file entry-v5.txt (compact mmCIF, N, CA and C atoms)
# COMPACT_ATOMS: atom_id res chain seq x y z
N MET A 1 0.81 -1.21 0.00
CA MET A 1 0.00 0.00 0.00
C MET A 1 0.85 1.27 0.00
N GLU A 2 2.09 1.14 0.42
CA GLU A 2 2.97 2.30 0.44
C GLU A 2 3.19 2.86 -0.96
N LEU A 3 3.38 1.98 -1.92
CA LEU A 3 3.58 2.39 -3.31
C LEU A 3 2.33 3.09 -3.85
N LEU A 4 1.16 2.56 -3.52
CA LEU A 4 -0.09 3.17 -3.96
C LEU A 4 -0.24 4.57 -3.37
N GLN A 5 0.07 4.72 -2.10
CA GLN A 5 -0.03 6.02 -1.43
C GLN A 5 0.92 7.03 -2.08
N GLU A 6 2.14 6.60 -2.38
CA GLU A 6 3.09 7.47 -3.08
C GLU A 6 2.54 7.91 -4.43
N PHE A 7 2.01 6.96 -5.17
CA PHE A 7 1.44 7.26 -6.48
C PHE A 7 0.32 8.29 -6.37
N ILE A 8 -0.60 8.06 -5.46
CA ILE A 8 -1.74 8.98 -5.30
C ILE A 8 -1.28 10.38 -4.94
N ILE A 9 -0.37 10.49 -3.99
CA ILE A 9 0.10 11.80 -3.53
C ILE A 9 0.88 12.53 -4.62
N GLU A 10 1.76 11.82 -5.31
CA GLU A 10 2.62 12.46 -6.30
C GLU A 10 1.95 12.73 -7.64
N GLU A 11 1.04 11.87 -8.04
CA GLU A 11 0.53 11.95 -9.41
C GLU A 11 -0.87 12.53 -9.57
N VAL A 12 -1.69 12.45 -8.57
CA VAL A 12 -3.06 12.97 -8.71
C VAL A 12 -3.04 14.46 -8.42
N ASN A 13 -3.25 15.25 -9.46
CA ASN A 13 -3.30 16.70 -9.34
C ASN A 13 -4.18 17.25 -10.45
N GLY A 14 -4.41 18.54 -10.42
CA GLY A 14 -5.31 19.16 -11.39
C GLY A 14 -4.87 19.01 -12.83
N ALA A 15 -3.56 18.92 -13.07
CA ALA A 15 -3.05 18.85 -14.43
C ALA A 15 -3.31 17.49 -15.08
N ILE A 16 -3.38 16.44 -14.30
CA ILE A 16 -3.45 15.09 -14.86
C ILE A 16 -4.74 14.35 -14.50
N TYR A 17 -5.50 14.87 -13.57
CA TYR A 17 -6.66 14.15 -13.05
C TYR A 17 -7.60 13.64 -14.15
N ASN A 18 -8.06 14.51 -15.03
CA ASN A 18 -9.03 14.11 -16.05
C ASN A 18 -8.48 13.07 -17.03
N GLU A 19 -7.24 13.24 -17.46
CA GLU A 19 -6.64 12.26 -18.38
C GLU A 19 -6.49 10.90 -17.72
N LEU A 20 -6.00 10.91 -16.48
CA LEU A 20 -5.82 9.66 -15.74
C LEU A 20 -7.17 8.99 -15.50
N TRP A 21 -8.15 9.77 -15.09
CA TRP A 21 -9.50 9.25 -14.84
C TRP A 21 -10.08 8.60 -16.10
N ASN A 22 -9.96 9.31 -17.21
CA ASN A 22 -10.51 8.80 -18.47
C ASN A 22 -9.83 7.50 -18.91
N PHE A 23 -8.52 7.41 -18.72
CA PHE A 23 -7.80 6.19 -19.07
C PHE A 23 -8.27 5.02 -18.21
N ILE A 24 -8.38 5.23 -16.92
CA ILE A 24 -8.75 4.15 -16.01
C ILE A 24 -10.21 3.74 -16.18
N SER A 25 -11.09 4.70 -16.31
CA SER A 25 -12.52 4.40 -16.32
C SER A 25 -13.04 3.96 -17.70
N SER A 26 -12.30 4.22 -18.75
CA SER A 26 -12.78 3.93 -20.10
C SER A 26 -12.95 2.43 -20.35
N ASP A 27 -14.12 2.06 -20.86
CA ASP A 27 -14.35 0.68 -21.27
C ASP A 27 -13.85 0.44 -22.69
N ASN A 28 -13.53 1.50 -23.40
CA ASN A 28 -13.03 1.39 -24.77
C ASN A 28 -11.54 1.07 -24.82
N ILE A 29 -10.81 1.43 -23.77
CA ILE A 29 -9.39 1.11 -23.69
C ILE A 29 -9.26 -0.19 -22.90
N VAL A 30 -8.90 -1.25 -23.57
CA VAL A 30 -8.83 -2.56 -22.93
C VAL A 30 -7.44 -2.81 -22.34
N ARG A 31 -6.41 -2.41 -23.08
CA ARG A 31 -5.02 -2.57 -22.63
C ARG A 31 -4.24 -1.34 -23.01
N GLY A 32 -3.22 -1.04 -22.19
CA GLY A 32 -2.36 0.09 -22.51
C GLY A 32 -1.65 0.60 -21.29
N THR A 33 -0.85 1.64 -21.48
CA THR A 33 -0.13 2.25 -20.37
C THR A 33 -0.37 3.75 -20.36
N PHE A 34 -0.32 4.31 -19.18
CA PHE A 34 -0.45 5.74 -18.98
C PHE A 34 0.78 6.18 -18.21
N GLU A 35 1.59 7.04 -18.81
CA GLU A 35 2.81 7.50 -18.16
C GLU A 35 2.56 8.80 -17.42
N CYS A 36 2.80 8.75 -16.13
CA CYS A 36 2.74 9.95 -15.30
C CYS A 36 4.17 10.47 -15.17
N SER A 37 4.40 11.41 -14.29
CA SER A 37 5.75 11.96 -14.17
C SER A 37 6.73 10.96 -13.55
N ARG A 38 6.32 10.20 -12.53
CA ARG A 38 7.22 9.24 -11.88
C ARG A 38 6.70 7.81 -11.88
N PHE A 39 5.45 7.61 -12.27
CA PHE A 39 4.85 6.28 -12.23
C PHE A 39 4.23 5.94 -13.58
N ILE A 40 4.03 4.64 -13.79
CA ILE A 40 3.34 4.15 -14.97
C ILE A 40 2.15 3.32 -14.50
N VAL A 41 1.00 3.56 -15.13
CA VAL A 41 -0.20 2.78 -14.86
C VAL A 41 -0.43 1.89 -16.08
N MET A 42 -0.42 0.59 -15.87
CA MET A 42 -0.60 -0.36 -16.96
C MET A 42 -1.97 -1.02 -16.81
N LYS A 43 -2.77 -0.92 -17.84
CA LYS A 43 -4.10 -1.52 -17.84
C LYS A 43 -4.00 -2.92 -18.42
N LEU A 44 -4.41 -3.92 -17.62
CA LEU A 44 -4.30 -5.32 -18.03
C LEU A 44 -5.59 -5.86 -18.63
N GLY A 45 -6.64 -5.18 -18.42
CA GLY A 45 -7.95 -5.58 -18.90
C GLY A 45 -8.92 -4.52 -18.43
N GLY A 46 -10.18 -4.82 -18.45
CA GLY A 46 -11.16 -3.83 -18.04
C GLY A 46 -11.10 -3.42 -16.59
N ASP A 47 -10.65 -4.32 -15.72
CA ASP A 47 -10.75 -4.04 -14.28
C ASP A 47 -9.46 -4.19 -13.50
N GLN A 48 -8.33 -4.47 -14.11
CA GLN A 48 -7.09 -4.66 -13.36
C GLN A 48 -5.98 -3.77 -13.89
N PHE A 49 -5.19 -3.25 -12.94
CA PHE A 49 -4.12 -2.33 -13.27
C PHE A 49 -2.87 -2.69 -12.47
N ILE A 50 -1.73 -2.42 -13.06
CA ILE A 50 -0.46 -2.52 -12.35
C ILE A 50 0.13 -1.11 -12.33
N ILE A 51 0.57 -0.70 -11.15
CA ILE A 51 1.21 0.61 -11.00
C ILE A 51 2.64 0.36 -10.54
N TYR A 52 3.60 1.01 -11.22
CA TYR A 52 5.00 0.88 -10.83
C TYR A 52 5.74 2.17 -11.14
N ARG A 53 6.90 2.33 -10.50
CA ARG A 53 7.71 3.52 -10.72
C ARG A 53 8.37 3.46 -12.09
N HIS A 54 8.44 4.61 -12.72
CA HIS A 54 9.14 4.74 -14.00
C HIS A 54 10.62 4.94 -13.70
N VAL A 55 11.45 3.99 -14.10
CA VAL A 55 12.88 4.05 -13.81
C VAL A 55 13.62 4.25 -15.13
N LEU A 56 14.29 5.38 -15.27
CA LEU A 56 15.02 5.68 -16.50
C LEU A 56 16.41 5.06 -16.47
N GLY A 57 16.86 4.55 -17.60
CA GLY A 57 18.22 4.07 -17.74
C GLY A 57 18.48 2.70 -17.14
N MET A 58 17.45 1.96 -16.80
CA MET A 58 17.66 0.65 -16.19
C MET A 58 16.87 -0.40 -16.96
N GLN A 59 17.27 -0.68 -18.17
CA GLN A 59 16.55 -1.61 -19.03
C GLN A 59 16.63 -3.06 -18.55
N ASN A 60 17.68 -3.42 -17.81
CA ASN A 60 17.87 -4.80 -17.39
C ASN A 60 17.43 -5.07 -15.96
N VAL A 61 16.55 -4.24 -15.44
CA VAL A 61 16.05 -4.44 -14.08
C VAL A 61 15.22 -5.72 -14.03
N LYS A 62 15.54 -6.60 -13.12
CA LYS A 62 14.84 -7.88 -13.00
C LYS A 62 13.62 -7.77 -12.09
N CYS A 63 13.69 -6.91 -11.11
CA CYS A 63 12.60 -6.81 -10.13
C CYS A 63 12.36 -5.34 -9.81
N ARG A 64 11.12 -4.98 -9.75
CA ARG A 64 10.74 -3.59 -9.49
C ARG A 64 9.47 -3.61 -8.64
N ASP A 65 9.37 -2.71 -7.67
CA ASP A 65 8.16 -2.64 -6.86
C ASP A 65 6.96 -2.31 -7.74
N ALA A 66 5.88 -3.04 -7.51
CA ALA A 66 4.65 -2.82 -8.29
C ALA A 66 3.46 -3.22 -7.43
N ILE A 67 2.31 -2.72 -7.82
CA ILE A 67 1.08 -3.08 -7.13
C ILE A 67 0.01 -3.42 -8.17
N LEU A 68 -0.74 -4.48 -7.90
CA LEU A 68 -1.88 -4.87 -8.73
C LEU A 68 -3.12 -4.36 -8.02
N ILE A 69 -3.98 -3.65 -8.74
CA ILE A 69 -5.13 -3.01 -8.11
C ILE A 69 -6.35 -3.07 -9.02
N ALA A 70 -7.52 -3.15 -8.40
CA ALA A 70 -8.78 -3.21 -9.14
C ALA A 70 -9.24 -1.80 -9.51
N LYS A 71 -9.98 -1.72 -10.59
CA LYS A 71 -10.44 -0.45 -11.16
C LYS A 71 -11.22 0.41 -10.16
N THR A 72 -12.25 -0.13 -9.54
CA THR A 72 -13.10 0.66 -8.65
C THR A 72 -12.32 1.17 -7.45
N PHE A 73 -11.48 0.33 -6.87
CA PHE A 73 -10.67 0.75 -5.72
C PHE A 73 -9.72 1.88 -6.12
N LEU A 74 -9.09 1.76 -7.27
CA LEU A 74 -8.18 2.79 -7.75
C LEU A 74 -8.91 4.11 -8.00
N LEU A 75 -10.07 4.05 -8.62
CA LEU A 75 -10.85 5.27 -8.86
C LEU A 75 -11.27 5.94 -7.55
N LYS A 76 -11.62 5.14 -6.55
CA LYS A 76 -11.98 5.70 -5.24
C LYS A 76 -10.79 6.39 -4.59
N LYS A 77 -9.61 5.80 -4.69
CA LYS A 77 -8.40 6.40 -4.12
C LYS A 77 -8.06 7.71 -4.84
N ILE A 78 -8.19 7.71 -6.15
CA ILE A 78 -7.92 8.92 -6.93
C ILE A 78 -8.89 10.03 -6.53
N ASN A 79 -10.16 9.68 -6.38
CA ASN A 79 -11.14 10.69 -5.99
C ASN A 79 -10.93 11.20 -4.56
N SER A 80 -10.48 10.34 -3.67
CA SER A 80 -10.18 10.80 -2.30
C SER A 80 -9.14 11.91 -2.34
N ARG A 81 -8.11 11.70 -3.14
CA ARG A 81 -7.07 12.73 -3.27
C ARG A 81 -7.61 13.97 -3.97
N ALA A 82 -8.45 13.80 -4.97
CA ALA A 82 -9.04 14.94 -5.68
C ALA A 82 -9.89 15.78 -4.73
N TYR A 83 -10.64 15.13 -3.83
CA TYR A 83 -11.43 15.87 -2.85
C TYR A 83 -10.53 16.60 -1.87
N GLU A 84 -9.42 15.98 -1.45
CA GLU A 84 -8.48 16.65 -0.56
C GLU A 84 -7.93 17.91 -1.20
N LEU A 85 -7.63 17.83 -2.49
CA LEU A 85 -7.06 18.97 -3.22
C LEU A 85 -8.13 19.96 -3.69
N ARG A 86 -9.39 19.58 -3.51
CA ARG A 86 -10.53 20.40 -3.95
C ARG A 86 -10.47 20.71 -5.44
N LEU A 87 -10.21 19.67 -6.21
CA LEU A 87 -10.16 19.83 -7.66
C LEU A 87 -11.55 20.06 -8.23
N PRO A 88 -11.67 20.84 -9.29
CA PRO A 88 -12.97 21.03 -9.93
C PRO A 88 -13.33 19.81 -10.78
N ASP A 89 -14.60 19.64 -11.04
CA ASP A 89 -15.09 18.59 -11.94
C ASP A 89 -14.67 17.17 -11.56
N ILE A 90 -14.83 16.82 -10.30
CA ILE A 90 -14.50 15.46 -9.86
C ILE A 90 -15.56 14.52 -10.40
N GLN A 91 -15.11 13.42 -11.00
CA GLN A 91 -16.00 12.44 -11.63
C GLN A 91 -16.63 11.51 -10.60
N ASN A 92 -17.75 10.91 -10.98
CA ASN A 92 -18.42 9.94 -10.12
C ASN A 92 -17.91 8.55 -10.46
N VAL A 93 -17.55 7.79 -9.44
CA VAL A 93 -16.97 6.46 -9.65
C VAL A 93 -17.93 5.52 -10.37
N PHE A 94 -19.22 5.62 -10.10
CA PHE A 94 -20.18 4.64 -10.62
C PHE A 94 -20.94 5.13 -11.85
N ASP A 95 -20.41 6.10 -12.58
CA ASP A 95 -21.05 6.55 -13.83
C ASP A 95 -20.67 5.64 -14.97

call {"tool": "encode", "arguments": {"input": "entry-v5.txt", "output": "structure tokens"}}
result
Amino acid sequence: MELLQEFIIEEVNGAIYNELWNFISSDNIVRGTFECSRFIVMKLGGDQFIIYRHVLGMQNVKCRDAILIAKTFLLKKINSRAYELRLPDIQNVFD
């Protein structure tokens, strides 16, 4: 959970919130990656994501901290941070 907390604090902000939200919540995007400033969110299917740190210059890394997380839980965590920051236009998780 420490990695998730770092991701939420560092990456959820007004500049990226809508793009990140749309990537995670979209049913049209089945697989792909979303690059934030220090983390990468990888979509494995409609409901599962892997979040890990973006490490530059280390192509042969064998092991890297990562977290597997469900879509709804991730959206709730993102919105919690958005409410803390009082961001405008916060999306509804169940739309």

call {"tool": "closest_residue", "arguments": {"input": "entry-v5.txt", "among": "A:Trp21, A:Leu4, A:Glu35, A:Gln48", "to": "Gln91 of chain A", "atoms": "only N, CA and C atoms"}}
result
A:Trp21

call {"tool": "atom_distance", "arguments": {"input": "entry-v5.txt", "atom1": "atom CA of Ile29 of chain A", "atom2": "atom CA of Ile69 of chain A"}}
result
16.7 Å

call {"tool": "residues_around", "arguments": {"input": "entry-v5.txt", "residues": "Ile40 of chain A", "least_positions_apart": "3", "cutoff": "6 Å", "atoms": "all atoms listed in the file", "output": "number ranges by chain"}}
result
A: 34-36, 50-54

call {"tool": "select_by_dssp", "arguments": {"input": "entry-v5.txt", "residues": "chain A", "states": "helix (DSSP H, G or I)", "output": "ChimeraX atom specification"}}
result
/A:2-11,17-25,71-85

call {"tool": "write_last_selection", "arguments": {"input": "entry-v5.txt", "atoms": "N, CA and C atoms", "output": "short mmCIF file (atom, residue, chain, number, x, y, z; two decimals), keeping the file's coordinate frame"}}
result
data_model
loop_
_atom_site.label_atom_id
_atom_site.label_comp_id
_atom_site.auth_asym_id
_atom_site.auth_seq_id
_atom_site.Cartn_x
_atom_site.Cartn_y
_atom_site.Cartn_z
N GLU A 2 2.09 1.14 0.42
CA GLU A 2 2.97 2.30 0.44
C GLU A 2 3.19 2.86 -0.96
N LEU A 3 3.38 1.98 -1.92
CA LEU A 3 3.58 2.39 -3.31
C LEU A 3 2.33 3.09 -3.85
N LEU A 4 1.16 2.56 -3.52
CA LEU A 4 -0.09 3.17 -3.96
C LEU A 4 -0.24 4.57 -3.37
N GLN A 5 0.07 4.72 -2.10
CA GLN A 5 -0.03 6.02 -1.43
C GLN A 5 0.92 7.03 -2.08
N GLU A 6 2.14 6.60 -2.38
CA GLU A 6 3.09 7.47 -3.08
C GLU A 6 2.54 7.91 -4.43
N PHE A 7 2.01 6.96 -5.17
CA PHE A 7 1.44 7.26 -6.48
C PHE A 7 0.32 8.29 -6.37
N ILE A 8 -0.60 8.06 -5.46
CA ILE A 8 -1.74 8.98 -5.30
C ILE A 8 -1.28 10.38 -4.94
N ILE A 9 -0.37 10.49 -3.99
CA ILE A 9 0.10 11.80 -3.53
C ILE A 9 0.88 12.53 -4.62
N GLU A 10 1.76 11.82 -5.31
CA GLU A 10 2.62 12.46 -6.30
C GLU A 10 1.95 12.73 -7.64
N GLU A 11 1.04 11.87 -8.04
CA GLU A 11 0.53 11.95 -9.41
C GLU A 11 -0.87 12.53 -9.57
N TYR A 17 -5.50 14.87 -13.57
CA TYR A 17 -6.66 14.15 -13.05
C TYR A 17 -7.60 13.64 -14.15
N ASN A 18 -8.06 14.51 -15.03
CA ASN A 18 -9.03 14.11 -16.05
C ASN A 18 -8.48 13.07 -17.03
N GLU A 19 -7.24 13.24 -17.46
CA GLU A 19 -6.64 12.26 -18.38
C GLU A 19 -6.49 10.90 -17.72
N LEU A 20 -6.00 10.91 -16.48
CA LEU A 20 -5.82 9.66 -15.74
C LEU A 20 -7.17 8.99 -15.50
N TRP A 21 -8.15 9.77 -15.09
CA TRP A 21 -9.50 9.25 -14.84
C TRP A 21 -10.08 8.60 -16.10
N ASN A 22 -9.96 9.31 -17.21
CA ASN A 22 -10.51 8.80 -18.47
C ASN A 22 -9.83 7.50 -18.91
N PHE A 23 -8.52 7.41 -18.72
CA PHE A 23 -7.80 6.19 -19.07
C PHE A 23 -8.27 5.02 -18.21
N ILE A 24 -8.38 5.23 -16.92
CA ILE A 24 -8.75 4.15 -16.01
C ILE A 24 -10.21 3.74 -16.18
N SER A 25 -11.09 4.70 -16.31
CA SER A 25 -12.52 4.40 -16.32
C SER A 25 -13.04 3.96 -17.70
N LYS A 71 -9.98 -1.72 -10.59
CA LYS A 71 -10.44 -0.45 -11.16
C LYS A 71 -11.22 0.41 -10.16
N THR A 72 -12.25 -0.13 -9.54
CA THR A 72 -13.10 0.66 -8.65
C THR A 72 -12.32 1.17 -7.45
N PHE A 73 -11.48 0.33 -6.87
CA PHE A 73 -10.67 0.75 -5.72
C PHE A 73 -9.72 1.88 -6.12
N LEU A 74 -9.09 1.76 -7.27
CA LEU A 74 -8.18 2.79 -7.75
C LEU A 74 -8.91 4.11 -8.00
N LEU A 75 -10.07 4.05 -8.62
CA LEU A 75 -10.85 5.27 -8.86
C LEU A 75 -11.27 5.94 -7.55
N LYS A 76 -11.62 5.14 -6.55
CA LYS A 76 -11.98 5.70 -5.24
C LYS A 76 -10.79 6.39 -4.59
N LYS A 77 -9.61 5.80 -4.69
CA LYS A 77 -8.40 6.40 -4.12
C LYS A 77 -8.06 7.71 -4.84
N ILE A 78 -8.19 7.71 -6.15
CA ILE A 78 -7.92 8.92 -6.93
C ILE A 78 -8.89 10.03 -6.53
N ASN A 79 -10.16 9.68 -6.38
CA ASN A 79 -11.14 10.69 -5.99
C ASN A 79 -10.93 11.20 -4.56
N SER A 80 -10.48 10.34 -3.67
CA SER A 80 -10.18 10.80 -2.30
C SER A 80 -9.14 11.91 -2.34
N ARG A 81 -8.11 11.70 -3.14
CA ARG A 81 -7.07 12.73 -3.27
C ARG A 81 -7.61 13.97 -3.97
N ALA A 82 -8.45 13.80 -4.97
CA ALA A 82 -9.04 14.94 -5.68
C ALA A 82 -9.89 15.78 -4.73
N TYR A 83 -10.64 15.13 -3.83
CA TYR A 83 -11.43 15.87 -2.85
C TYR A 83 -10.53 16.60 -1.87
N GLU A 84 -9.42 15.98 -1.45
CA GLU A 84 -8.48 16.65 -0.56
C GLU A 84 -7.93 17.91 -1.20
N LEU A 85 -7.63 17.83 -2.49
CA LEU A 85 -7.06 18.97 -3.22
C LEU A 85 -8.13 19.96 -3.69
#

call {"tool": "atom_distance", "arguments": {"input": "entry-v5.txt", "atom1": "atom C of Lys43 of chain A", "atom2": "atom N of Val30 of chain A"}}
result
7.3 Å

call {"tool": "atom_distance", "arguments": {"input": "entry-v5.txt", "atom1": "atom CA of Arg31 of chain A", "atom2": "atom CA of Asp47 of chain A"}}
result
10.2 Å

call {"tool": "closest_residue", "arguments": {"input": "entry-v5.txt", "among": "A:Leu44, A:Ile24, A:Phe39, A:Ile90", "to": "Phe7 of chain A", "atoms": "all atoms listed in the file"}}
result
A:Phe39

call {"tool": "closest_residue", "arguments": {"input": "entry-v5.txt", "among": "A:Asp89, A:Ala66, A:Lys77, A:Gly45", "to": "Asn18 of chain A", "atoms": "only C-alpha atoms"}}
result
A:Asp89

call {"tool": "closest_residue", "arguments": {"input": "entry-v5.txt", "among": "A:Phe49, A:Leu3, A:Ser37, A:Asn22", "to": "Ala70 of chain A", "atoms": "only C-alpha atoms"}}
result
A:Phe49

call {"tool": "select_by_dssp", "arguments": {"input": "entry-v5.txt", "residues": "chain A", "states": "strand (DSSP E)", "output": "MDAnalysis selection string"}}
result
chainID A and resid 32:35 39:43 48:53 66:70

call {"tool": "closest_residue", "arguments": {"input": "entry-v5.txt", "among": "A:Gly46, A:Val55, A:Ala15, A:Asn28", "to": "Lys71 of chain A", "atoms": "all atoms listed in the file"}}
result
A:Gly46

call {"tool": "axis_aligned_box", "arguments": {"input": "entry-v5.txt", "around": "segment 76-86 of chain A", "padding_each_side": "5 Å", "output": "JSON"}}
result
{"center_x": -9.5, "center_y": 12.9, "center_z": -3.7, "size_x": 14.9, "size_y": 25.6, "size_z": 16.4}

call {"tool": "residues_around", "arguments": {"input": "entry-v5.txt", "residues": "Gln5 of chain A", "least_positions_apart": "4", "cutoff": "10 Å", "atoms": "only C-alpha atoms", "output": "list of chain:residue names"}}
result
A:Met1, A:Ile9, A:Glu10, A:Glu11, A:Lys77, A:Arg81

call {"tool": "write_last_selection", "arguments": {"input": "entry-v5.txt", "atoms": "N, CA and C atoms", "output": "mmCIF file, in the frame of the given file"}}
result
data_model
loop_
_atom_site.group_PDB
_atom_site.id
_atom_site.type_symbol
_atom_site.label_atom_id
_atom_site.label_comp_id
_atom_site.auth_asym_id
_atom_site.auth_seq_id
_atom_site.Cartn_x
_atom_site.Cartn_y
_atom_site.Cartn_z
ATOM 1 N N MET A 1 0.810 -1.210 0.000
ATOM 2 C CA MET A 1 0.000 0.000 0.000
ATOM 3 C C MET A 1 0.850 1.270 0.000
ATOM 4 N N ILE A 9 -0.370 10.490 -3.990
ATOM 5 C CA ILE A 9 0.100 11.800 -3.530
ATOM 6 C C ILE A 9 0.880 12.530 -4.620
ATOM 7 N N GLU A 10 1.760 11.820 -5.310
ATOM 8 C CA GLU A 10 2.620 12.460 -6.300
ATOM 9 C C GLU A 10 1.950 12.730 -7.640
ATOM 10 N N GLU A 11 1.040 11.870 -8.040
ATOM 11 C CA GLU A 11 0.530 11.950 -9.410
ATOM 12 C C GLU A 11 -0.870 12.530 -9.570
ATOM 13 N N LYS A 77 -9.610 5.800 -4.690
ATOM 14 C CA LYS A 77 -8.400 6.400 -4.120
ATOM 15 C C LYS A 77 -8.060 7.710 -4.840
ATOM 16 N N ARG A 81 -8.110 11.700 -3.140
ATOM 17 C CA ARG A 81 -7.070 12.730 -3.270
ATOM 18 C C ARG A 81 -7.610 13.970 -3.970
#

call {"tool": "closest_residue", "arguments": {"input": "entry-v5.txt", "among": "A:Thr33, A:Ile8, A:Ser25, A:Leu20", "to": "Asn92 of chain A", "atoms": "only C-alpha atoms"}}
result
A:Ser25
